[in-house]
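One file, work.pdb, is given below (PDB, C-alpha atoms).
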```pdb
ATOM      1  CA  MET A 175     -85.649 -38.912 -44.366  1.00  0.00           C
ATOM      2  CA  ALA A 176     -87.541 -42.140 -44.835  1.00  0.00           C
ATOM      3  CA  ALA A 177     -89.537 -42.674 -48.009  1.00  0.00           C
ATOM      4  CA  ALA A 178     -93.251 -42.075 -48.075  1.00  0.00           C
ATOM      5  CA  GLN A 179     -95.489 -45.095 -47.592  1.00  0.00           C
ATOM      6  CA  HIS A 180     -98.285 -45.790 -50.068  1.00  0.00           C
ATOM      7  CA  THR A 181    -101.523 -47.204 -48.766  1.00  0.00           C
ATOM      8  CA  SER A 182    -104.848 -47.954 -50.350  1.00  0.00           C
ATOM      9  CA  ASP A 183    -108.280 -48.209 -48.832  1.00  0.00           C
ATOM     10  CA  PRO A 184    -110.369 -51.411 -48.952  1.00  0.00           C
ATOM     11  CA  ALA A 185    -112.201 -50.217 -52.068  1.00  0.00           C
ATOM     12  CA  GLY A 186    -108.866 -50.123 -53.890  1.00  0.00           C
ATOM     13  CA  ALA A 187    -108.742 -46.354 -54.429  1.00  0.00           C
ATOM     14  CA  GLU A 188    -105.293 -44.804 -53.976  1.00  0.00           C
ATOM     15  CA  ARG A 189    -104.820 -42.455 -51.053  1.00  0.00           C
ATOM     16  CA  PRO A 190    -102.065 -39.885 -50.889  1.00  0.00           C
ATOM     17  CA  PRO A 191     -98.795 -41.259 -49.488  1.00  0.00           C
ATOM     18  CA  ARG A 192     -98.329 -41.064 -45.738  1.00  0.00           C
ATOM     19  CA  ARG A 193     -94.960 -39.808 -44.590  1.00  0.00           C
ATOM     20  CA  ALA A 194     -92.919 -42.190 -42.467  1.00  0.00           C
ATOM     21  CA  GLU A 195     -91.786 -41.065 -39.031  1.00  0.00           C
ATOM     22  CA  PRO A 196     -88.354 -39.406 -38.899  1.00  0.00           C
ATOM     23  CA  ASP A 197     -85.509 -41.668 -37.792  1.00  0.00           C
ATOM     24  CA  PRO A 198     -85.065 -41.326 -33.982  1.00  0.00           C
ATOM     25  CA  THR A 199     -81.271 -41.077 -34.293  1.00  0.00           C
ATOM     26  CA  GLU A 200     -81.648 -38.227 -36.787  1.00  0.00           C
ATOM     27  CA  VAL A 201     -84.107 -36.508 -34.428  1.00  0.00           C
ATOM     28  CA  ALA A 202     -81.604 -36.892 -31.559  1.00  0.00           C
ATOM     29  CA  LYS A 203     -78.861 -35.340 -33.728  1.00  0.00           C
ATOM     30  CA  GLN A 204     -81.144 -32.442 -34.652  1.00  0.00           C
ATOM     31  CA  ILE A 205     -82.024 -31.907 -30.977  1.00  0.00           C
ATOM     32  CA  GLU A 206     -78.333 -31.761 -30.073  1.00  0.00           C
ATOM     33  CA  LEU A 207     -77.694 -29.341 -32.934  1.00  0.00           C
ATOM     34  CA  TYR A 208     -80.448 -27.005 -31.691  1.00  0.00           C
ATOM     35  CA  ARG A 209     -79.232 -27.248 -28.099  1.00  0.00           C
ATOM     36  CA  SER A 210     -75.666 -26.383 -29.113  1.00  0.00           C
ATOM     37  CA  MET A 211     -76.648 -23.289 -31.131  1.00  0.00           C
ATOM     38  CA  SER A 212     -76.047 -19.800 -29.802  1.00  0.00           C
ATOM     39  CA  PRO A 213     -79.212 -17.829 -28.981  1.00  0.00           C
ATOM     40  CA  ALA A 214     -78.932 -15.778 -32.201  1.00  0.00           C
ATOM     41  CA  GLU A 215     -78.382 -18.872 -34.376  1.00  0.00           C
ATOM     42  CA  PHE A 216     -81.243 -20.690 -32.699  1.00  0.00           C
ATOM     43  CA  ALA A 217     -83.586 -17.703 -33.126  1.00  0.00           C
ATOM     44  CA  GLU A 218     -82.749 -17.610 -36.831  1.00  0.00           C
ATOM     45  CA  ALA A 219     -83.320 -21.386 -37.202  1.00  0.00           C
ATOM     46  CA  LEU A 220     -86.608 -21.121 -35.298  1.00  0.00           C
ATOM     47  CA  ALA A 221     -87.770 -18.232 -37.490  1.00  0.00           C
ATOM     48  CA  VAL A 222     -87.012 -20.285 -40.612  1.00  0.00           C
ATOM     49  CA  PHE A 223     -88.953 -23.210 -39.106  1.00  0.00           C
ATOM     50  CA  VAL A 224     -91.956 -21.001 -38.278  1.00  0.00           C
ATOM     51  CA  ALA A 225     -91.898 -19.453 -41.762  1.00  0.00           C
ATOM     52  CA  ALA A 226     -91.785 -22.939 -43.316  1.00  0.00           C
ATOM     53  CA  GLY A 227     -94.795 -23.968 -41.218  1.00  0.00           C
ATOM     54  CA  ALA A 228     -96.811 -21.123 -42.730  1.00  0.00           C
ATOM     55  CA  ARG A 229     -96.300 -22.530 -46.241  1.00  0.00           C
ATOM     56  CA  PRO A 230     -98.485 -25.299 -47.730  1.00  0.00           C
ATOM     57  CA  GLN A 231     -97.464 -28.786 -46.615  1.00  0.00           C
ATOM     58  CA  ALA A 232     -96.237 -29.806 -50.074  1.00  0.00           C
ATOM     59  CA  SER A 233     -93.732 -26.939 -50.244  1.00  0.00           C
ATOM     60  CA  ARG A 234     -92.295 -27.210 -46.720  1.00  0.00           C
ATOM     61  CA  GLY A 235     -89.303 -29.327 -47.645  1.00  0.00           C
ATOM     62  CA  GLU A 236     -88.277 -32.818 -46.669  1.00  0.00           C
ATOM     63  CA  ASP A 237     -86.530 -31.848 -43.431  1.00  0.00           C
ATOM     64  CA  TYR A 238     -89.564 -30.075 -41.977  1.00  0.00           C
ATOM     65  CA  GLU A 239     -90.876 -33.160 -40.125  1.00  0.00           C
ATOM     66  CA  LEU A 240     -87.439 -33.836 -38.652  1.00  0.00           C
ATOM     67  CA  GLN A 241     -87.100 -30.199 -37.565  1.00  0.00           C
ATOM     68  CA  ALA A 242     -90.629 -30.200 -36.138  1.00  0.00           C
ATOM     69  CA  ARG A 243     -89.970 -33.339 -34.114  1.00  0.00           C
ATOM     70  CA  ALA A 244     -86.723 -31.870 -32.719  1.00  0.00           C
ATOM     71  CA  MET A 245     -88.075 -28.354 -32.149  1.00  0.00           C
ATOM     72  CA  ARG A 246     -91.129 -29.727 -30.323  1.00  0.00           C
ATOM     73  CA  SER A 247     -89.154 -32.139 -28.161  1.00  0.00           C
ATOM     74  CA  PRO A 248     -89.163 -31.404 -24.416  1.00  0.00           C
ATOM     75  CA  GLU A 249     -85.385 -30.881 -24.596  1.00  0.00           C
ATOM     76  CA  VAL A 250     -85.720 -27.947 -27.028  1.00  0.00           C
ATOM     77  CA  ALA A 251     -89.292 -26.737 -26.458  1.00  0.00           C
ATOM     78  CA  ARG A 252     -88.495 -24.492 -23.466  1.00  0.00           C
ATOM     79  CA  LYS A 253     -85.666 -22.761 -25.351  1.00  0.00           C
ATOM     80  CA  ALA A 254     -87.920 -22.372 -28.400  1.00  0.00           C
ATOM     81  CA  GLN A 255     -90.785 -20.995 -26.325  1.00  0.00           C
ATOM     82  CA  ARG A 256     -88.574 -18.251 -24.865  1.00  0.00           C
ATOM     83  CA  VAL A 257     -87.371 -17.234 -28.328  1.00  0.00           C
ATOM     84  CA  LEU A 258     -90.881 -17.371 -29.824  1.00  0.00           C
ATOM     85  CA  ALA A 259     -92.037 -14.633 -27.470  1.00  0.00           C
ATOM     86  CA  GLN A 260     -89.381 -12.376 -29.001  1.00  0.00           C
ATOM     87  CA  ILE A 261     -90.280 -13.480 -32.539  1.00  0.00           C
ATOM     88  CA  VAL A 262     -93.955 -12.645 -31.924  1.00  0.00           C
ATOM     89  CA  ARG A 263     -93.020  -9.198 -30.562  1.00  0.00           C
ATOM     90  CA  GLU A 264     -90.573  -8.351 -33.361  1.00  0.00           C
ATOM     91  CA  PRO A 265     -91.368 -10.488 -36.431  1.00  0.00           C
ATOM     92  CA  ASP A 266     -89.875  -7.989 -38.875  1.00  0.00           C
ATOM     93  CA  LYS A 267     -86.466  -8.577 -37.261  1.00  0.00           C
ATOM     94  CA  TYR A 268     -86.571 -12.124 -38.671  1.00  0.00           C
ATOM     95  CA  LEU A 269     -88.428 -11.605 -41.967  1.00  0.00           C
ATOM     96  CA  TYR A 270     -86.890  -9.472 -44.643  1.00  0.00           C
ATOM     97  CA  ALA A 271     -88.844  -7.889 -47.466  1.00  0.00           C
ATOM     98  CA  PRO A 272     -87.668  -9.356 -50.795  1.00  0.00           C
ATOM     99  CA  GLU A 273     -86.758  -6.900 -53.518  1.00  0.00           C
ATOM    100  CA  GLY A 274     -89.889  -5.553 -55.200  1.00  0.00           C
ATOM    101  CA  GLU A 275     -92.382  -6.819 -52.588  1.00  0.00           C
ATOM    102  CA  SER A 276     -95.111  -4.292 -51.845  1.00  0.00           C
ATOM    103  CA  ARG A 277     -95.607  -3.032 -48.319  1.00  0.00           C
ATOM    104  CA  ALA A 278     -99.106  -4.575 -48.219  1.00  0.00           C
ATOM    105  CA  ALA A 279     -97.758  -7.994 -49.231  1.00  0.00           C
ATOM    106  CA  TYR A 280     -94.979  -7.698 -46.659  1.00  0.00           C
ATOM    107  CA  ASN A 281     -97.476  -6.770 -43.916  1.00  0.00           C
ATOM    108  CA  LYS A 282     -99.653  -9.733 -44.871  1.00  0.00           C
ATOM    109  CA  ARG A 283     -96.629 -12.036 -44.705  1.00  0.00           C
ATOM    110  CA  ILE A 284     -95.675 -10.583 -41.295  1.00  0.00           C
ATOM    111  CA  GLY A 285     -99.223 -11.196 -40.026  1.00  0.00           C
ATOM    112  CA  THR A 286     -99.181 -14.808 -41.215  1.00  0.00           C
ATOM    113  CA  PHE A 287     -95.725 -15.322 -39.702  1.00  0.00           C
ATOM    114  CA  ARG A 288     -96.786 -13.835 -36.357  1.00  0.00           C
ATOM    115  CA  ALA A 289     -99.960 -15.960 -36.248  1.00  0.00           C
ATOM    116  CA  ARG A 290     -97.922 -19.084 -37.019  1.00  0.00           C
ATOM    117  CA  ALA A 291     -95.408 -18.156 -34.286  1.00  0.00           C
ATOM    118  CA  GLU A 292     -98.235 -17.672 -31.768  1.00  0.00           C
ATOM    119  CA  ARG A 293     -99.705 -21.033 -32.741  1.00  0.00           C
ATOM    120  CA  GLU A 294     -96.307 -22.687 -32.348  1.00  0.00           C
ATOM    121  CA  GLU A 295     -95.982 -21.020 -28.930  1.00  0.00           C
ATOM    122  CA  GLN A 296     -99.294 -22.574 -27.833  1.00  0.00           C
ATOM    123  CA  PHE A 297     -98.210 -25.935 -29.197  1.00  0.00           C
ATOM    124  CA  LEU A 298     -94.925 -25.790 -27.288  1.00  0.00           C
ATOM    125  CA  HIS A 299     -96.790 -24.926 -24.091  1.00  0.00           C
ATOM    126  CA  ALA A 300     -98.882 -28.059 -24.594  1.00  0.00           C
ATOM    127  CA  VAL A 301     -95.707 -30.121 -25.154  1.00  0.00           C
ATOM    128  CA  LEU A 302     -94.137 -28.771 -21.963  1.00  0.00           C
ATOM    129  CA  ALA A 303     -97.389 -29.233 -20.017  1.00  0.00           C
ATOM    130  CA  GLY A 304     -97.563 -32.858 -21.170  1.00  0.00           C
ATOM    131  CA  ASP A 305     -93.956 -33.433 -20.162  1.00  0.00           C
ATOM    132  CA  ALA A 306     -94.621 -31.881 -16.745  1.00  0.00           C
ATOM    133  CA  ALA A 307     -97.783 -33.984 -16.321  1.00  0.00           C
ATOM    134  CA  ARG A 308     -95.801 -37.167 -17.020  1.00  0.00           C
ATOM    135  CA  ARG A 309     -93.521 -36.147 -14.150  1.00  0.00           C
ATOM    136  CA  GLY A 310     -96.533 -35.587 -11.877  1.00  0.00           C
ATOM    137  CA  PHE A 311     -97.209 -31.840 -11.787  1.00  0.00           C
ATOM    138  CA  PHE A 312     -99.007 -29.127 -13.747  1.00  0.00           C
ATOM    139  CA  LEU A 313     -97.570 -26.127 -15.560  1.00  0.00           C
ATOM    140  CA  PRO A 314     -99.234 -22.794 -14.793  1.00  0.00           C
ATOM    141  CA  ASP A 315    -101.780 -21.571 -17.293  1.00  0.00           C
ATOM    142  CA  PRO A 316    -100.174 -19.189 -19.827  1.00  0.00           C
ATOM    143  CA  ASN A 317    -103.162 -16.893 -19.349  1.00  0.00           C
ATOM    144  CA  PRO A 318    -102.543 -14.381 -16.505  1.00  0.00           C
ATOM    145  CA  ARG A 319    -106.273 -13.697 -16.141  1.00  0.00           C
ATOM    146  CA  GLY A 320    -106.948 -17.385 -15.656  1.00  0.00           C
ATOM    147  CA  ARG A 321    -104.207 -17.619 -13.022  1.00  0.00           C
ATOM    148  CA  ALA A 322    -105.583 -14.541 -11.242  1.00  0.00           C
ATOM    149  CA  ARG A 323    -109.077 -16.019 -11.310  1.00  0.00           C
ATOM    150  CA  ARG A 324    -107.838 -19.263  -9.762  1.00  0.00           C
ATOM    151  CA  ARG A 325    -105.896 -17.363  -7.101  1.00  0.00           C
ATOM    152  CA  LEU A 326    -108.987 -15.327  -6.233  1.00  0.00           C
ATOM    153  CA  ALA A 327    -111.007 -18.536  -5.932  1.00  0.00           C
ATOM    154  CA  ASP A 328    -108.337 -20.101  -3.692  1.00  0.00           C
ATOM    155  CA  GLU A 329    -107.728 -17.053  -1.486  1.00  0.00           C
ATOM    156  CA  HIS A 330    -111.336 -15.796  -1.214  1.00  0.00           C
ATOM    157  CA  PRO A 331    -113.650 -18.710  -2.051  1.00  0.00           C
ATOM    158  CA  VAL A 332    -116.797 -17.163  -0.558  1.00  0.00           C
ATOM    159  CA  ARG A 333    -116.414 -13.870  -2.431  1.00  0.00           C
ATOM    160  CA  TYR A 334    -115.486 -15.758  -5.608  1.00  0.00           C
ATOM    161  CA  LEU A 335    -118.655 -17.851  -5.413  1.00  0.00           C
ATOM    162  CA  GLU A 336    -120.744 -14.714  -4.782  1.00  0.00           C
ATOM    163  CA  LEU A 337    -119.270 -13.057  -7.880  1.00  0.00           C
ATOM    164  CA  LEU A 338    -119.743 -16.218  -9.919  1.00  0.00           C
ATOM    165  CA  ARG A 339    -123.402 -16.429  -8.838  1.00  0.00           C
ATOM    166  CA  GLU A 340    -123.958 -12.744  -9.685  1.00  0.00           C
ATOM    167  CA  GLU A 341    -122.451 -13.190 -13.154  1.00  0.00           C
ATOM    168  CA  ARG A 342    -124.493 -16.331 -13.852  1.00  0.00           C
ATOM    169  CA  ASP A 343    -127.682 -14.558 -12.729  1.00  0.00           C
ATOM    170  CA  ALA A 344    -126.826 -11.579 -14.949  1.00  0.00           C
ATOM    171  CA  ASP A 345    -126.233 -13.933 -17.907  1.00  0.00           C
ATOM    172  CA  ARG A 346    -129.564 -15.667 -17.318  1.00  0.00           C
ATOM    173  CA  ALA A 347    -131.398 -12.341 -17.025  1.00  0.00           C
ATOM    174  CA  ARG A 348    -129.753 -11.060 -20.211  1.00  0.00           C
ATOM    175  CA  ALA A 349    -130.622 -14.284 -22.073  1.00  0.00           C
ATOM    176  CA  ALA A 350    -134.230 -14.109 -20.846  1.00  0.00           C
ATOM    177  CA  ALA A 351    -134.531 -10.448 -21.913  1.00  0.00           C
ATOM    178  CA  GLU A 352    -133.110 -11.256 -25.352  1.00  0.00           C
ATOM    179  CA  ALA A 353    -135.494 -14.214 -25.723  1.00  0.00           C
ATOM    180  CA  GLU A 354    -138.428 -12.004 -24.729  1.00  0.00           C
ATOM    181  CA  GLU A 355    -137.318  -9.352 -27.236  1.00  0.00           C
ATOM    182  CA  ARG A 356    -137.088 -11.961 -30.021  1.00  0.00           C
ATOM    183  CA  LYS A 357    -140.535 -13.288 -29.099  1.00  0.00           C
ATOM    184  CA  ARG A 358    -141.953  -9.755 -29.167  1.00  0.00           C
ATOM    185  CA  ALA A 359    -140.326  -9.106 -32.569  1.00  0.00           C
ATOM    186  CA  ARG A 360    -141.793 -12.351 -33.993  1.00  0.00           C
ATOM    187  CA  ARG A 361    -145.257 -11.440 -32.744  1.00  0.00           C
ATOM    188  CA  ALA A 362    -144.929  -7.963 -34.245  1.00  0.00           C
ATOM    189  CA  ALA A 363    -143.831  -9.483 -37.566  1.00  0.00           C
ATOM    190  CA  LYS A 364    -146.821 -11.845 -37.651  1.00  0.00           C
ATOM    191  CA  ARG A 365    -149.318  -9.102 -36.814  1.00  0.00           C
ATOM    192  CA  PRO A 366    -150.804  -7.493 -39.939  1.00  0.00           C
ATOM    193  CA  ASP A 367    -150.172  -3.750 -40.327  1.00  0.00           C
ATOM    194  CA  SER A 368    -152.991  -1.792 -38.733  1.00  0.00           C
ATOM    195  CA  GLY A 369    -153.122   1.111 -41.035  1.00  0.00           C
ATOM    196  CA  GLY A 370    -151.409   3.160 -43.577  1.00  0.00           C
TER     197      GLY A 370
END
```
As a first step, turn the structure in this file into structure tokens.
Amino acid sequence: MAAAQHTSDPAGAERPPRRAEPDPTEVAKQIELYRSMSPAEFAEALAVFVAAGARPQASRGEDYELQARAMRSPEVARKAQRVLAQIVREPDKYLYAPEGESRAAYNKRIGTFRARAEREEQFLHAVLAGDAARRGFFLPDPNPRGRARRRLADEHPVRYLELLREERDADRARAAAEAEERKRARRAAKRPDSGG
């Protein structure tokens, strides 16, 4: 990996070093390595990558940037996204409890790992969507409700607009009622007690 670059701001104060970009030939080698792995080997490598991403940046290791660049490349992202769904469903298959770790600590680590895997899944969707957009088309939304909503709007535009209008009117009415209630509460708070 290339050495870190040191920069300073105009006032002369030292800033932390900025990491140099990974060498493109090394990234290409890493991509080929990931593509040649069996599904089980790749899942294990991806789990290690996700676990490393959950650690603080200083303790991730020098190869993390290279692995991230390769894992998030369009050539590997689709394979990684398929495996991440399995990792999110069964994180304990990929994380082992070290000797002496309490169940609570293990559960916390599993939760962090799962959240990091879900975040990586979203990131990979964005990578694949960007790649698709460069080729001139859109990827479907990963949200089934959003897709269903768009289909409803396309297939039944009049009914969709009626429902949308009803929901907006209901939101406005609810907001107006809440504002009126707050106004009434403020007036009641300002009014001196009438007895006691």
Translate the PyMOL selection byres ((chain A and resi 245) around 12), as applied to the file shown, into an explicit residue set as a ChimeraX atom specification. /A:201-209,216-217,219-224,237-244,246-255,257-258,294-295,297-298,301-302
Box along x, y and z, 6 Å on every side, all listed atoms of region 285-300 of chain A inside: centre and edge lengths in Å to one decimal, as JSON.
```
{"center_x": -97.4, "center_y": -19.6, "center_z": -32.7, "size_x": 17.0, "size_y": 28.9, "size_z": 29.1}
```
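Interatomic distance, CA of Gln296 (chain A) to CA of Leu313 (chain A): 12.9 Å.
Going from CA of Glu292 (chain A) to CA of Pro314 (chain A) covers 17.8 Å.
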Near Ile284 (chain A), within 8 Å and counting only C-alpha atoms, which residues show up once chain neighbours fewer than 2 positions away are dropped, as a PyMOL selection string? chain A and resi 265-266+269+280-282+286-288
Restricted to C-alpha atoms, what would the selected residues look like written as a PDB file, in the frame of the given file?
```pdb
ATOM      1  CA  PRO A 265     -91.368 -10.488 -36.431  1.00  0.00           C
ATOM      2  CA  ASP A 266     -89.875  -7.989 -38.875  1.00  0.00           C
ATOM      3  CA  LEU A 269     -88.428 -11.605 -41.967  1.00  0.00           C
ATOM      4  CA  TYR A 280     -94.979  -7.698 -46.659  1.00  0.00           C
ATOM      5  CA  ASN A 281     -97.476  -6.770 -43.916  1.00  0.00           C
ATOM      6  CA  LYS A 282     -99.653  -9.733 -44.871  1.00  0.00           C
ATOM      7  CA  THR A 286     -99.181 -14.808 -41.215  1.00  0.00           C
ATOM      8  CA  PHE A 287     -95.725 -15.322 -39.702  1.00  0.00           C
ATOM      9  CA  ARG A 288     -96.786 -13.835 -36.357  1.00  0.00           C
TER      10      ARG A 288
END
```
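Relative to CA of Asp345 (chain A), CA of Ala363 (chain A) is found at 26.8 Å.
When only C-alpha atoms are used to compute distances to Gly227 (chain A), the closest of the residues A:Ala350, A:Ile261, A:Ala291, A:Ala322 turns out to be A:Ala291.
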